[in-house]
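Note: the block below is entry.cif and it holds mmCIF, C-alpha atoms.
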data_input
#
loop_
_atom_site.label_atom_id
_atom_site.label_comp_id
_atom_site.auth_asym_id
_atom_site.auth_seq_id
_atom_site.Cartn_x
_atom_site.Cartn_y
_atom_site.Cartn_z
CA MET S 2 -111.53 104.00 269.79
CA GLN S 3 -114.74 104.78 271.68
CA HIS S 4 -117.60 102.43 270.87
CA ARG S 5 -120.61 104.06 269.27
CA ALA S 6 -124.06 102.66 268.51
CA SER S 7 -126.16 103.41 265.45
CA TRP S 8 -129.94 103.63 265.28
CA LEU S 9 -129.62 101.88 261.89
CA PRO S 10 -129.41 98.12 262.49
CA VAL S 11 -125.99 96.90 261.39
CA SER S 12 -124.88 93.30 261.97
CA ALA S 13 -121.82 92.90 264.18
CA GLN S 14 -120.45 90.66 261.42
CA SER S 15 -120.85 93.28 258.69
CA ASP S 16 -117.72 94.48 256.94
CA PHE S 17 -119.28 97.90 256.65
CA SER S 18 -119.63 99.03 260.24
CA LEU S 19 -120.12 102.54 261.56
CA TYR S 20 -116.32 102.70 261.92
CA ASN S 21 -115.72 101.91 258.26
CA LEU S 22 -117.94 103.98 255.91
CA PRO S 23 -116.02 103.28 252.70
CA PHE S 24 -116.64 105.16 249.45
CA GLY S 25 -117.72 103.60 246.16
CA ILE S 26 -119.62 104.21 242.94
CA PHE S 27 -123.07 102.62 242.53
CA SER S 28 -126.16 102.91 240.38
CA THR S 29 -129.79 101.86 240.59
CA LYS S 30 -132.41 101.22 237.92
CA SER S 31 -133.66 104.77 238.39
CA GLY S 32 -130.32 106.56 238.54
CA ALA S 33 -126.92 106.99 236.92
CA PRO S 34 -123.63 105.94 238.58
CA ARG S 35 -122.87 108.16 241.58
CA VAL S 36 -120.98 108.29 244.88
CA GLY S 37 -122.16 106.12 247.75
CA VAL S 38 -121.01 105.22 251.25
CA ALA S 39 -121.53 101.67 252.57
CA ILE S 40 -123.13 101.15 255.98
CA GLY S 41 -124.21 97.62 256.86
CA GLU S 42 -126.48 96.26 254.13
CA TRP S 43 -127.12 99.77 252.86
CA ILE S 44 -125.58 102.40 250.63
CA MET S 45 -125.94 106.04 251.53
CA ASP S 46 -126.73 107.91 248.32
CA MET S 47 -124.50 110.96 248.63
CA THR S 48 -126.26 112.83 245.83
CA ALA S 49 -129.64 112.41 247.52
CA ALA S 50 -128.17 113.47 250.87
CA TYR S 51 -126.65 116.57 249.29
CA GLU S 52 -129.92 117.54 247.61
CA LEU S 53 -131.69 117.23 250.96
CA GLY S 54 -129.25 119.73 252.44
CA PHE S 55 -127.14 117.47 254.63
CA PHE S 56 -123.82 118.87 253.39
CA LYS S 57 -124.81 122.53 253.23
CA THR S 58 -122.16 123.49 255.80
CA LEU S 59 -119.39 122.28 253.47
CA GLU S 60 -118.10 124.12 250.43
CA ILE S 61 -118.68 121.16 248.10
CA GLU S 62 -120.39 121.27 244.71
CA ALA S 63 -123.19 118.78 244.06
CA ALA S 64 -121.35 117.61 240.94
CA VAL S 65 -118.67 115.91 243.08
CA PHE S 66 -121.21 113.34 244.26
CA LYS S 67 -122.65 112.81 240.77
CA LYS S 68 -119.37 111.75 239.19
CA GLU S 69 -118.83 108.25 237.80
CA THR S 70 -115.55 107.87 239.73
CA LEU S 71 -114.28 108.95 243.13
CA ASN S 72 -111.35 110.95 241.74
CA ASP S 73 -112.95 114.39 242.17
CA LEU S 74 -114.13 113.58 245.69
CA ILE S 75 -110.68 112.27 246.64
CA SER S 76 -109.10 115.42 245.18
CA LEU S 77 -110.94 117.50 247.79
CA GLY S 78 -108.33 116.24 250.27
CA ARG S 79 -108.20 114.11 253.39
CA THR S 80 -109.57 116.92 255.59
CA GLU S 81 -112.80 117.14 253.57
CA THR S 82 -113.37 113.39 253.36
CA GLN S 83 -112.61 113.02 257.08
CA THR S 84 -115.25 115.66 257.77
CA ILE S 85 -117.78 113.90 255.53
CA ARG S 86 -117.25 110.58 257.32
CA SER S 87 -117.51 112.27 260.75
CA MET S 88 -120.77 113.95 259.77
CA ILE S 89 -122.24 110.64 258.59
CA GLN S 90 -121.18 108.91 261.81
CA GLN S 91 -122.86 111.66 263.80
CA TRP S 92 -126.12 111.40 261.83
CA LEU S 93 -126.17 107.63 262.25
CA THR S 94 -125.65 107.78 266.03
CA ASP S 95 -127.89 110.77 266.85
CA GLU S 96 -131.37 109.44 267.64
CA ASN S 97 -132.85 112.86 266.87
CA SER S 98 -130.94 113.54 263.68
CA PRO S 99 -133.10 114.77 260.76
CA PHE S 100 -131.25 112.16 258.74
CA ARG S 101 -133.20 109.44 260.54
CA GLN S 102 -136.52 110.86 259.40
CA MET S 103 -135.28 111.10 255.81
CA ALA S 104 -133.37 107.79 255.74
CA SER S 105 -135.81 106.18 253.30
CA ARG S 106 -134.93 108.89 250.75
CA VAL S 107 -131.17 108.46 251.17
CA LEU S 108 -130.48 104.77 251.85
CA VAL S 109 -130.42 102.14 249.10
CA ARG S 110 -130.12 98.43 249.77
CA GLN S 111 -126.82 97.04 248.48
CA ASP S 112 -128.59 94.08 246.90
CA ALA S 113 -130.68 96.53 244.84
CA ALA S 114 -127.66 98.41 243.54
CA ARG S 115 -125.00 97.79 240.93
CA MET S 116 -121.39 98.62 241.78
CA HIS S 117 -119.02 100.27 239.29
CA MET S 118 -115.28 100.85 238.99
CA PRO S 119 -114.60 103.29 241.82
CA LEU S 120 -111.62 105.03 240.23
CA LYS S 121 -110.18 106.40 237.05
CA ILE S 122 -106.77 104.73 237.29
CA GLY S 123 -104.05 106.45 235.32
CA ASN S 124 -101.12 104.38 236.55
CA TYR S 125 -100.60 101.19 238.52
CA THR S 126 -97.40 99.94 240.16
CA ASP S 127 -97.11 96.46 241.66
CA PHE S 128 -94.54 95.98 244.42
CA TYR S 129 -92.95 92.79 245.75
CA SER S 130 -93.18 93.62 249.46
CA SER S 131 -93.68 90.27 251.21
CA GLU S 132 -90.45 88.61 252.34
CA GLU S 133 -92.28 85.31 252.83
CA HIS S 134 -93.54 85.39 249.25
CA ALA S 135 -90.25 86.53 247.73
CA THR S 136 -88.36 83.84 249.65
CA ALA S 137 -90.79 81.04 248.76
CA VAL S 138 -90.73 81.92 245.06
CA GLY S 139 -86.96 82.44 245.10
CA LYS S 140 -86.43 78.97 246.56
CA LEU S 141 -88.11 77.46 243.50
CA TYR S 142 -85.30 78.78 241.31
CA ARG S 143 -82.43 79.61 243.69
CA PRO S 144 -82.71 77.26 246.70
CA GLU S 145 -79.41 78.36 248.22
CA ASN S 146 -79.96 82.10 247.80
CA PRO S 147 -83.68 82.82 247.27
CA LEU S 148 -83.66 86.61 247.74
CA MET S 149 -81.95 88.67 245.09
CA PRO S 150 -79.12 90.90 246.42
CA ASN S 151 -81.19 94.08 246.09
CA TRP S 152 -84.37 92.82 247.77
CA LYS S 153 -83.70 93.99 251.34
CA HIS S 154 -82.31 97.33 250.22
CA MET S 155 -85.30 98.72 248.31
CA PRO S 156 -88.93 97.91 247.50
CA ILE S 157 -88.87 96.02 244.19
CA ALA S 158 -91.71 96.73 241.74
CA TYR S 159 -92.84 96.70 238.12
CA HIS S 160 -95.13 99.08 236.26
CA GLY S 161 -98.42 97.28 235.60
CA ARG S 162 -101.20 97.82 233.08
CA ALA S 163 -103.87 100.25 234.34
CA SER S 164 -106.25 99.75 231.39
CA SER S 165 -106.94 96.10 232.25
CA ILE S 166 -107.82 96.64 235.91
CA ILE S 167 -111.38 95.38 236.31
CA LEU S 168 -114.10 95.42 238.94
CA SER S 169 -114.88 92.47 241.19
CA GLY S 170 -117.31 90.10 239.49
CA THR S 171 -115.89 90.62 236.00
CA ALA S 172 -114.94 87.29 234.42
CA ILE S 173 -111.66 86.94 232.54
CA HIS S 174 -110.66 84.82 229.56
CA ARG S 175 -107.76 82.46 230.01
CA PRO S 176 -104.84 84.34 228.43
CA LEU S 177 -102.96 83.10 225.40
CA GLY S 178 -99.28 83.48 224.82
CA GLN S 179 -95.88 81.92 224.32
CA THR S 180 -94.60 79.28 226.70
CA LYS S 181 -91.58 77.01 226.56
CA PRO S 182 -92.14 73.41 227.69
CA GLY S 183 -89.23 72.06 229.69
CA THR S 184 -88.39 69.37 227.16
CA SER S 185 -88.58 71.62 224.09
CA ASN S 186 -85.92 73.76 222.47
CA TYR S 187 -88.54 76.14 221.09
CA PRO S 188 -91.55 77.98 222.49
CA VAL S 189 -95.13 77.06 221.67
CA PHE S 190 -98.29 79.17 221.46
CA GLY S 191 -101.56 78.51 223.25
CA PRO S 192 -103.63 79.13 226.40
CA THR S 193 -101.72 79.30 229.66
CA LYS S 194 -101.66 76.05 231.63
CA ALA S 195 -100.52 77.76 234.83
CA LEU S 196 -103.09 80.47 235.60
CA ASP S 197 -102.72 81.85 239.13
CA PHE S 198 -104.16 84.44 241.49
CA GLU S 199 -102.15 86.81 243.68
CA LEU S 200 -103.70 87.99 246.95
CA GLU S 201 -102.78 91.66 247.41
CA LEU S 202 -103.87 95.04 248.69
CA ALA S 203 -103.64 98.19 246.58
CA TYR S 204 -103.27 101.69 248.01
CA VAL S 205 -105.16 104.50 246.26
CA VAL S 206 -103.21 107.72 245.69
CA GLY S 207 -105.23 110.65 247.03
CA LYS S 208 -103.08 113.65 246.17
CA ASN S 209 -101.03 114.73 243.17
CA SER S 210 -97.31 115.06 243.73
CA GLU S 211 -94.99 117.41 241.89
CA LEU S 212 -92.96 116.05 239.00
CA GLY S 213 -89.28 116.12 239.96
CA LYS S 214 -89.91 116.39 243.70
CA PRO S 215 -89.70 113.17 245.78
CA VAL S 216 -92.28 112.41 248.45
CA THR S 217 -90.53 111.62 251.72
CA ALA S 218 -91.33 108.53 253.76
CA SER S 219 -92.56 110.72 256.61
CA GLU S 220 -95.10 112.57 254.44
CA ALA S 221 -96.07 109.61 252.24
CA GLU S 222 -99.42 108.91 253.89
CA GLU S 223 -100.55 112.45 253.06
CA TYR S 224 -100.66 111.14 249.49
CA ILE S 225 -102.65 107.97 250.23
CA PHE S 226 -106.45 108.05 250.40
CA GLY S 227 -107.41 104.44 250.99
CA VAL S 228 -107.07 100.75 250.20
CA VAL S 229 -108.80 98.08 248.09
CA LEU S 230 -108.45 94.32 247.75
CA PHE S 231 -106.45 93.40 244.68
CA ASN S 232 -105.98 90.22 242.63
CA ASP S 233 -103.08 90.40 240.20
CA TRP S 234 -103.93 87.47 237.91
CA SER S 235 -100.78 85.80 236.59
CA ALA S 236 -99.93 83.27 233.89
CA ARG S 237 -96.93 81.52 235.41
CA ASP S 238 -95.77 79.57 232.35
CA ILE S 239 -95.89 82.69 230.17
CA GLN S 240 -94.09 84.57 232.94
CA ARG S 241 -91.37 81.95 233.22
CA TRP S 242 -90.53 82.25 229.51
CA GLU S 243 -90.74 86.04 229.20
CA TYR S 244 -89.50 87.52 232.48
CA GLN S 245 -85.79 87.79 231.64
CA PRO S 246 -84.32 90.34 231.22
CA LEU S 247 -87.05 92.97 231.81
CA GLY S 248 -89.54 91.28 234.14
CA PRO S 249 -93.23 90.41 233.73
CA PHE S 250 -95.22 91.71 230.77
CA ALA S 251 -97.88 89.67 228.94
CA SER S 252 -98.07 87.21 231.84
CA LYS S 253 -99.70 89.91 233.99
CA ASN S 254 -101.13 92.58 231.69
CA PHE S 255 -104.39 90.80 230.81
CA ALA S 256 -106.33 91.51 234.05
CA SER S 257 -106.14 92.65 237.66
CA SER S 258 -109.29 92.73 239.80
CA ILE S 259 -110.19 95.21 242.54
CA SER S 260 -112.94 95.38 245.16
CA PRO S 261 -115.62 98.08 244.69
CA TRP S 262 -115.35 99.84 248.06
CA VAL S 263 -112.34 102.04 248.92
CA ILE S 264 -111.53 101.73 252.63
CA THR S 265 -110.13 105.03 253.87
CA MET S 266 -106.83 105.26 255.72
CA ASP S 267 -108.77 106.93 258.54
CA ALA S 268 -110.87 103.79 259.01
CA LEU S 269 -107.70 101.72 259.42
CA GLU S 270 -106.06 103.87 262.12
CA THR S 271 -107.14 101.52 264.93
CA PHE S 272 -105.36 98.58 263.31
CA ARG S 273 -101.82 99.93 263.01
CA VAL S 274 -99.00 97.62 264.13
CA GLU S 275 -95.20 97.56 264.14
CA SER S 276 -93.45 96.70 260.91
CA PRO S 277 -91.07 93.72 260.76
CA LEU S 278 -87.47 94.39 261.75
CA GLN S 279 -85.47 95.37 258.67
CA VAL S 280 -81.94 94.01 258.51
CA PRO S 281 -79.70 95.43 257.16
CA GLU S 282 -80.80 98.95 258.03
CA VAL S 283 -82.34 100.65 255.01
CA MET S 284 -81.04 103.87 253.44
CA CYS S 285 -82.05 107.16 255.03
CA TYR S 286 -84.80 108.00 252.51
CA LEU S 287 -86.58 104.72 253.37
CA ARG S 288 -86.45 104.96 257.17
CA THR S 289 -89.76 105.18 258.98
CA THR S 290 -90.85 105.46 262.60
CA GLY S 291 -94.09 104.56 264.33
CA LEU S 292 -96.75 102.02 263.39
CA LYS S 293 -96.72 101.72 259.61
CA ASN S 294 -98.16 98.24 259.02
CA PHE S 295 -101.80 97.20 259.37
CA ASP S 296 -103.32 94.12 261.01
CA ILE S 297 -105.58 93.12 258.10
CA ARG S 298 -106.64 89.47 257.87
CA LEU S 299 -106.84 88.20 254.32
CA SER S 300 -108.07 85.02 252.68
CA ALA S 301 -108.46 83.54 249.23
CA ALA S 302 -110.88 80.80 248.20
CA ILE S 303 -111.32 78.77 245.03
CA GLN S 304 -114.82 77.71 243.96
CA PRO S 305 -114.99 75.34 240.97
CA LYS S 306 -118.23 75.70 239.00
CA GLY S 307 -121.02 73.75 240.67
CA HIS S 308 -119.07 73.12 243.86
CA VAL S 309 -118.54 74.74 247.25
CA GLU S 310 -115.58 77.01 247.81
CA THR S 311 -112.36 76.04 249.59
CA VAL S 312 -110.30 78.59 251.48
CA VAL S 313 -106.74 77.99 250.27
CA THR S 314 -105.01 81.06 251.75
CA GLU S 315 -105.13 82.72 255.17
CA THR S 316 -102.60 85.49 255.61
CA ASN S 317 -102.17 88.96 257.12
CA ALA S 318 -100.89 92.29 255.80
CA LYS S 319 -99.04 92.97 259.06
CA HIS S 320 -96.21 90.71 257.82
CA LEU S 321 -95.31 92.92 254.85
CA TYR S 322 -91.60 93.76 254.93
CA TRP S 323 -91.98 97.02 253.00
CA ASN S 324 -94.72 99.41 254.13
CA ILE S 325 -96.69 101.93 252.08
CA ASN S 326 -94.51 104.84 253.26
CA GLN S 327 -91.41 103.11 251.94
CA GLN S 328 -93.12 102.10 248.71
CA THR S 329 -94.21 105.69 248.09
CA ALA S 330 -90.81 107.17 248.98
CA HIS S 331 -88.95 104.77 246.69
CA HIS S 332 -91.49 105.23 243.86
CA THR S 333 -90.95 108.98 243.87
CA ILE S 334 -87.28 109.29 244.85
CA THR S 335 -86.32 109.77 241.19
CA GLY S 336 -88.87 112.57 240.84
CA CYS S 337 -91.61 110.35 239.42
CA ASN S 338 -94.94 112.01 240.17
CA LEU S 339 -98.12 110.47 241.58
CA ASN S 340 -101.65 111.34 240.45
CA VAL S 341 -105.00 110.96 242.20
CA GLY S 342 -106.42 107.51 241.44
CA ASP S 343 -103.08 105.79 240.85
CA LEU S 344 -102.71 102.39 242.52
CA LEU S 345 -99.69 101.17 244.49
CA ALA S 346 -100.18 97.44 245.04
CA THR S 347 -98.32 95.46 247.69
CA GLY S 348 -97.53 92.39 245.66
CA THR S 349 -98.54 88.95 246.88
CA ILE S 350 -99.05 88.88 250.65
CA SER S 351 -97.88 85.66 252.29
CA MET S 352 -97.03 84.56 255.81
CA PRO S 353 -95.72 81.44 257.56
CA GLY S 354 -98.18 78.60 258.09
CA PRO S 355 -99.91 75.78 256.20
CA LYS S 356 -102.26 78.18 254.36
CA GLY S 357 -99.99 81.21 254.39
CA ALA S 358 -99.13 81.13 250.68
CA GLY S 359 -100.67 84.09 248.85
CA CYS S 360 -100.75 82.39 245.44
CA LEU S 361 -100.82 78.91 243.90
CA LEU S 362 -97.23 79.13 242.70
CA GLU S 363 -96.22 79.04 246.36
CA ALA S 364 -98.94 76.69 247.60
CA THR S 365 -98.11 74.01 245.00
CA GLN S 366 -94.35 74.65 245.09
CA GLY S 367 -94.23 75.59 241.45
CA GLY S 368 -96.76 72.95 240.38
CA LYS S 369 -95.06 70.04 242.13
CA GLN S 370 -97.63 69.58 244.91
CA VAL S 371 -101.35 69.01 244.45
CA LEU S 372 -103.75 71.25 246.37
CA ASN S 373 -106.78 69.42 247.77
CA LEU S 374 -110.12 71.24 247.55
CA ASN S 375 -113.54 70.29 248.88
CA ASP S 376 -115.68 67.67 247.08
CA GLY S 377 -112.57 65.61 246.24
CA ILE S 378 -111.33 68.15 243.71
CA ASN S 379 -107.62 68.80 243.20
CA ARG S 380 -105.81 71.78 241.74
CA ILE S 381 -102.29 72.75 240.79
CA PHE S 382 -103.28 75.93 238.95
CA LEU S 383 -106.68 77.44 238.10
CA GLU S 384 -108.98 75.72 235.61
CA ASP S 385 -111.80 77.11 233.45
CA GLY S 386 -114.95 77.65 235.49
CA ASP S 387 -113.04 78.27 238.73
CA GLU S 388 -113.91 81.41 240.66
CA VAL S 389 -111.42 83.03 243.02
CA ILE S 390 -112.77 85.01 245.99
CA ILE S 391 -110.47 87.22 248.05
CA ARG S 392 -111.72 88.72 251.31
CA GLY S 393 -110.22 90.92 253.99
CA PHE S 394 -111.07 92.57 257.29
CA ALA S 395 -109.49 94.12 260.37
CA GLU S 396 -110.96 93.58 263.85
CA ARG S 397 -109.89 94.73 267.30
CA ASP S 398 -111.74 95.26 270.59
CA GLY S 399 -115.12 94.61 269.00
CA ILE S 400 -114.54 97.04 266.13
CA LYS S 401 -114.57 95.59 262.61
CA VAL S 402 -113.60 97.23 259.34
CA GLY S 403 -113.99 94.96 256.31
CA PHE S 404 -113.16 95.22 252.63
CA GLY S 405 -115.96 93.08 251.26
CA GLU S 406 -114.58 90.85 248.54
CA VAL S 407 -113.05 90.74 245.10
CA ARG S 408 -114.04 87.80 242.92
CA GLY S 409 -113.53 86.68 239.37
CA GLU S 410 -114.37 83.62 237.27
CA ILE S 411 -112.09 82.01 234.70
CA LEU S 412 -113.55 81.63 231.21
CA SER S 413 -111.94 79.56 228.48
CA ALA S 414 -109.47 81.21 226.13
CA HIS S 415 -110.98 83.45 223.46
CA PRO S 416 -112.30 81.06 220.77
CA ASP S 417 -111.15 83.22 217.83
CA PHE S 418 -107.50 82.56 218.67
CA ILE S 419 -107.43 78.94 219.79
#
As C-alpha cells, the full file:
Amino acid sequence: MQHRASWLPVSAQSDFSLYNLPFGIFSTKSGAPRVGVAIGEWIMDMTAAYELGFFKTLEIEAAVFKKETLNDLISLGRTETQTIRSMIQQWLTDENSPFRQMASRVLVRQDAARMHMPLKIGNYTDFYSSEEHATAVGKLYRPENPLMPNWKHMPIAYHGRASSIILSGTAIHRPLGQTKPGTSNYPVFGPTKALDFELELAYVVGKNSELGKPVTASEAEEYIFGVVLFNDWSARDIQRWEYQPLGPFASKNFASSISPWVITMDALETFRVESPLQVPEVMCYLRTTGLKNFDIRLSAAIQPKGHVETVVTETNAKHLYWNINQQTAHHTITGCNLNVGDLLATGTISMPGPKGAGCLLEATQGGKQVLNLNDGINRIFLEDGDEVIIRGFAERDGIKVGFGEVRGEILSAHPDFI
C-alpha cells in the first residue's frame, strides 16, 4: 500500500489511521446518535459532511447518516462504502480540499462524544475456530483425544443470544445459575464462581443472502462488511453442568461485549496471510484459495478495581484454523440465510506461547493453576470489580489499523436473587 500523509495531525500510534477509517455510531450533547468515521482523535460527523455537500456526487439519502445504527449504510453495499472511504481519504490528504476549511464544522473530538451500539443485530453465531483453544480445552476433559472427531471436518458453532450483546464499557452482573460441585450428587443455585472472558473477533454481515441458497466459500466475503472485537463472557461452572447434550445456553447468554468501531474488510486487505494447513483435506464446499486469514495482534488485560491492569493474553488471529469464508459457507450450506447486521464470531482465539491462552479456562488449566497479576494479586477466574480490556491492531510496513478496545467491568450478582 502506498503511504499517504494527512494534513490532520494523527499520531503514528493511533488505531484510527488514514488507512483505517472505521464506521460507528456516536452522539454529542447537541445532537442525536448518528454515523461517524474515526480518524485519529477525531470523529468525522457524516451528517454534517453531507449537509455541507461533501457527498453530493453520490446517490445517498441524508437519512442514511442520521440512523441510530449502521445497518442502512451497510446495506448500500461494499462499492458505496468503499467509495465513501476513498473520498474521505482524498479530502484528508489534499492540502487544498474544501474539507480542510470546513473541518471545524465536521470533526468532533472522540473524548467529547458518546459511542453507541453500532448495529442492530438480528442473529449471532459463535464458532469454535481456534485449534489451539479447542485442543487446550479438550485436554482438560479428554487428555488422550482432545479434539472431537468432527472438529477438523467442519467449523463447529452454536447459536448465541443477540439480545444480550452490549457495547464496550457496559458493566455486567455476575450471572446466577445452577452448578454441580464435584463432591455433590445434586446441583446448587447461586452466582457463578468461574466467570471467564473469551477473546474473539466477530465479523459483521453486510449483505442479505437468500433463504434456501448457500453462500459459497469463494463468494463469502461479498457478504462480510467488517470486523469488531468481541468478548463472549462465559460462566464455566454453569457451562460444565449444562452443556450436555445440547451445548452452552445459560452459561453464555447473559452478555457478550463488542467494540464500538466496525473495521471494514477493505481496511484489512494489507494484512492478509496464509491460513494454517488443514489436514485432512476439507470437503469441497469448504475449500478456499488465496490469503484468507488476517495478521491481527490481540491482547486481553485484567484490571482489578483500584489496581493497574495486567496483560494476561497475547495472541493473533492469523492462527485461526477455520477462516471467515469457511465459517460463512458452512453456516449457509443448509440454506440458512444471513441478514445485514448479523454477527459471525470466531470463538476464542489462542496461540502457542506463555500468554497465548485466549481465556482463563485455558490459562489456569481449568482452575488448577493460579494466574499472577500485578500488585501481588492472583486470579483463577474473574472476581467482582475486575475489568477486562481486549485490544487489537494490525501493523505492517508502517501502516497501522487498530480496533480500539472492548472493556467491561464485573458487578456483583443481582441482589434481588441472591
For Pro416 in chain S, list every protein, DNA or RNA residue within 12 Å, evaluated using all atoms listed in the file, and leave out those in the same chain fewer than 2 positions away; present the list as a PDB file with C-alpha atoms, keeping the file's coordinate frame.
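Everything below was put into selection.pdb:
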ATOM      1  CA  HIS S 174    -110.660  84.820 229.560  1.00  0.00           C
ATOM      2  CA  ARG S 175    -107.760  82.460 230.010  1.00  0.00           C
ATOM      3  CA  PRO S 176    -104.840  84.340 228.430  1.00  0.00           C
ATOM      4  CA  LEU S 177    -102.960  83.100 225.400  1.00  0.00           C
ATOM      5  CA  GLY S 191    -101.560  78.510 223.250  1.00  0.00           C
ATOM      6  CA  PRO S 192    -103.630  79.130 226.400  1.00  0.00           C
ATOM      7  CA  LEU S 412    -113.550  81.630 231.210  1.00  0.00           C
ATOM      8  CA  SER S 413    -111.940  79.560 228.480  1.00  0.00           C
ATOM      9  CA  ALA S 414    -109.470  81.210 226.130  1.00  0.00           C
ATOM     10  CA  PHE S 418    -107.500  82.560 218.670  1.00  0.00           C
ATOM     11  CA  ILE S 419    -107.430  78.940 219.790  1.00  0.00           C
TER      12      ILE S 419
END
* Asked: Can you tell me how far CA of Gln111 in chain S sits from CA of Val36 in chain S, in Å to one decimal?
  ->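 Value for the CA of Gln111 in chain S-CA of Val36 in chain S distance: 13.2 Å.
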* Have a look at CA of Glu132 in chain S and CA of Gly354 in chain S and let me know their distance in Å, one decimal. =>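 About the pair CA of Glu132 in chain S and CA of Gly354 in chain S: they are 13.9 Å apart.
Interatomic distance, CA of Val65 in chain S to CA of Arg5 in chain S: 28.8 Å.
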* **Counting all atoms listed in the file, the residue of S:Gly139, S:Lys121, S:Lys67, S:Trp152 that sits nearest Pro281 in chain S** => S:Trp152
* Residues in the PyMOL selection byres ((chain S and resi 117) around 7), expressed as number ranges by chain -> S: 26-27, 115-116, 118-119, 168, 261
* Distance criterion (all atoms listed in the file): nearest to Val216 in chain S out of S:Ile264, S:Met103, S:Ala346, S:Cys337 ->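 The shortest atom-to-atom distance to Val216 in chain S comes from S:Cys337.
For range 48-58 of chain S, the residues within 7 Å (counting all atoms listed in the file, excluding itself and residues fewer than 3 positions away along the chain) are Ala63, Phe66, Lys67 and Val107 of chain S.
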